[in-house]
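Just below is one structure, and these are the notes that go with it.
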Amino acid sequence: MKYDEKLERFLAEYEIYENHILKPTYEEIKNYLHQLENPAYWGKYTAGSSIANPSPVRTTFIRIKRPEKVVGKILRRPEQFPDGLSTSSLREIHDLIGVRVVVYFLSQLPLVDRDLRNSEPKVVEISENDPPEAYLSRGLIRRLGLTHVSRKEKKSGYSSVHYTVRLAKSSVPKKDRPFFEIQIRTLAQELWSELEHNLAYKPDTRTNFSATRRFDILSRELGAIDEHFNLLYEELIHSQETAKYENEDMLNLENLPAVLAKIGVRCSFNDLSDTLKLLSGKGINTVGTLLDVANPERLETIRNTYLSSTGYTPTSLETIATLGALKGARTISSEIRRINAQIEHNQSWDAFKRDLK
């Protein structure tokens, strides 16, 4: 068979495979990624503690490999794909679907690792034939407790942790269920990867000593910055774990999670600053003021009014925003009017955000 005919047949096979296997899997993975992006999902790792929900995931990306990229990969690696341009080769490519999960800090890499391995119910199965790989230094792998992950290295200084997985449950039958790649990295590592890709830097093909040296220096400096931000994050978490407060104390990043936990409100790490600003804007600046406003009767009124008006209980941020709106209210009827006004405001804002998409 001529190459042109073989290529045309393969592209037709790939289109069928994409429509019946890859696209349904893609949509199911997207649902899983939305779950990871939800700060409340990570509350299970801080249940019963006075620290904020870690909410490690900054953003996620997912893509299906373009046909020409698939063809190029198969043709470049005949030893890996002896059947050439065929459906059987497609089943051996584990990055037809590629996922990237970007976390804020280094200490959050093992948290996502733990969730991939031990989530209940199980969402993904990690490939036994292609175990996880960490493009990190040996010292960092030890400090993060990722010694169960094989260490790899790229000359460019690229950093990330790679997993080959497949969905534990799917509409696609298990025998046809594709493996896909998940790359997990910090914001700093994502910056490095994006810039490296943009500059098309390949150490094996670039002979310019100056470029190689510059990339080596930048890699080490960006790694140091990543570690410094991680130290700041860990210090703040430690402060939240040991925070003690009095009623006259000013609300701050250290004591806010513990104070909110006392009134039964969970807060995500990423929402701490916005929560402080929201409370401050309503004149709620001290521990005692927040505890006075958030008495049990008011919290019950907020929950029940939300249930009656919307059919769901308010999120943590909605509860806090509504508490701020209730400061100074003197009667139950006044409180309910303000709660309903807050609900209308939330719904208008949600509609505005939907229109922007």
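By order in the structure tokens, chains are A, B, ...; within a chain, residues start at 1; ligands start at 1, following the order shown.
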Find the residues near Met250 (chain A): any atom within 7 Å, counting only C-alpha atoms, skip ones fewer than 4 places away on the same chain, and give them as a PyMOL selection string.
chain A and resi 285-287
So that I can check the surroundings of Ala134 (chain A), please list as a ChimeraX atom specification every protein, DNA and RNA residue that reaches within 7 Å of it, counting only C-alpha atoms and ignoring chain neighbours fewer than 5 positions away.
/A:149-152,160-162
Once DSSP has gone over the backbone, tell me which residues of region 14-112 of chain A are in alpha helix (DSSP H), as a PyMOL selection string.
chain A and resi 14-17+23-37+67-76+87-92+109-112
Identify which of the residues A:Asn38, A:Ser170, A:Ser86, A:Thr164 lies closest to Ala12 (chain A), counting only C-alpha atoms when measuring atom-to-atom distances.
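Of A:Asn38, A:Ser170, A:Ser86, A:Thr164, the one nearest Ala12 (chain A) is A:Ser86, counting only C-alpha atoms.
Take the candidates A:Leu290, A:Leu279, A:Leu299, A:Leu195 and check each one against Ala321 (chain A) using only C-alpha atoms; the shortest distance goes to A:Leu279.
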Considering only C-alpha atoms, return as number ranges by chain whatever protein or nucleic-acid residues lie within 8 Å of region 61-69 of chain A, sequence-local ones (same chain, fewer than 6 positions apart) excluded.
A: 11, 14, 22, 26, 30, 95-101
Based on the selection just made, write C-alpha atoms of those residues as a PDB file, in the first residue's frame.
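What landed in result_16.pdb:
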```
ATOM      1  CA  LEU A  11      -6.400   9.471   9.593  1.00  0.00           C
ATOM      2  CA  TYR A  14      -7.978   8.131  14.079  1.00  0.00           C
ATOM      3  CA  LEU A  22     -11.090   9.954  23.122  1.00  0.00           C
ATOM      4  CA  TYR A  26     -12.126  13.846  27.439  1.00  0.00           C
ATOM      5  CA  LYS A  30     -13.070  17.476  32.394  1.00  0.00           C
ATOM      6  CA  ASP A  95      -0.607  11.025  25.681  1.00  0.00           C
ATOM      7  CA  LEU A  96      -3.352  11.216  23.067  1.00  0.00           C
ATOM      8  CA  ILE A  97      -5.146  12.976  25.896  1.00  0.00           C
ATOM      9  CA  GLY A  98      -2.856  15.260  27.881  1.00  0.00           C
ATOM     10  CA  VAL A  99      -3.767  16.840  31.220  1.00  0.00           C
ATOM     11  CA  ARG A 100      -1.888  19.485  33.141  1.00  0.00           C
ATOM     12  CA  VAL A 101      -2.642  20.375  36.767  1.00  0.00           C
TER      13      VAL A 101
END
```
I need the residue nearest Gly223 (chain A) from this list: A:Ser137, A:Ser119, A:Ser49, A:Thr322. Use only C-alpha atoms for the distance.
A:Ser137
Pick out the residues sitting within 9 Å of region 334-336 of chain A, and hand them over as a ChimeraX atom specification; count only C-alpha atoms, and ignore anything fewer than 6 positions along from it in its own chain.
/A:298,301-302,305,325-326
Generate the output file for the selected residues, C-alpha atoms, as a PDB file, in the first residue's frame.
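Output contents, as saved in result37.pdb:
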```pdb
ATOM      1  CA  ARG A 298     -28.117  34.222  62.651  1.00  0.00           C
ATOM      2  CA  THR A 301     -31.422  32.016  59.697  1.00  0.00           C
ATOM      3  CA  ILE A 302     -28.919  32.380  56.853  1.00  0.00           C
ATOM      4  CA  THR A 305     -33.305  31.388  54.095  1.00  0.00           C
ATOM      5  CA  ALA A 325     -24.546  42.370  55.352  1.00  0.00           C
ATOM      6  CA  LEU A 326     -26.294  41.556  58.650  1.00  0.00           C
TER       7      LEU A 326
END
```
Closest to Asp176 (chain A) among A:Gln240, A:Ser88, A:Ser159, A:Asn118, using only C-alpha atoms?
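Among the listed residues, the smallest separation from Asp176 (chain A) belongs to A:Ser88.
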I need the residue nearest Lys262 (chain A) from this list: A:Thr87, A:Ser171, A:Ser50, A:Ser316. Use only C-alpha atoms for the distance.
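Of A:Thr87, A:Ser171, A:Ser50, A:Ser316, the one nearest Lys262 (chain A), counting only C-alpha atoms, is A:Ser50.
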Tell me, as a PyMOL selection string, which residues lie within 10 Å of Ile74 (chain A), counting only C-alpha atoms; anything in the same chain fewer than 3 positions away does not count.
chain A and resi 69-71+77-86+89-90+92-93
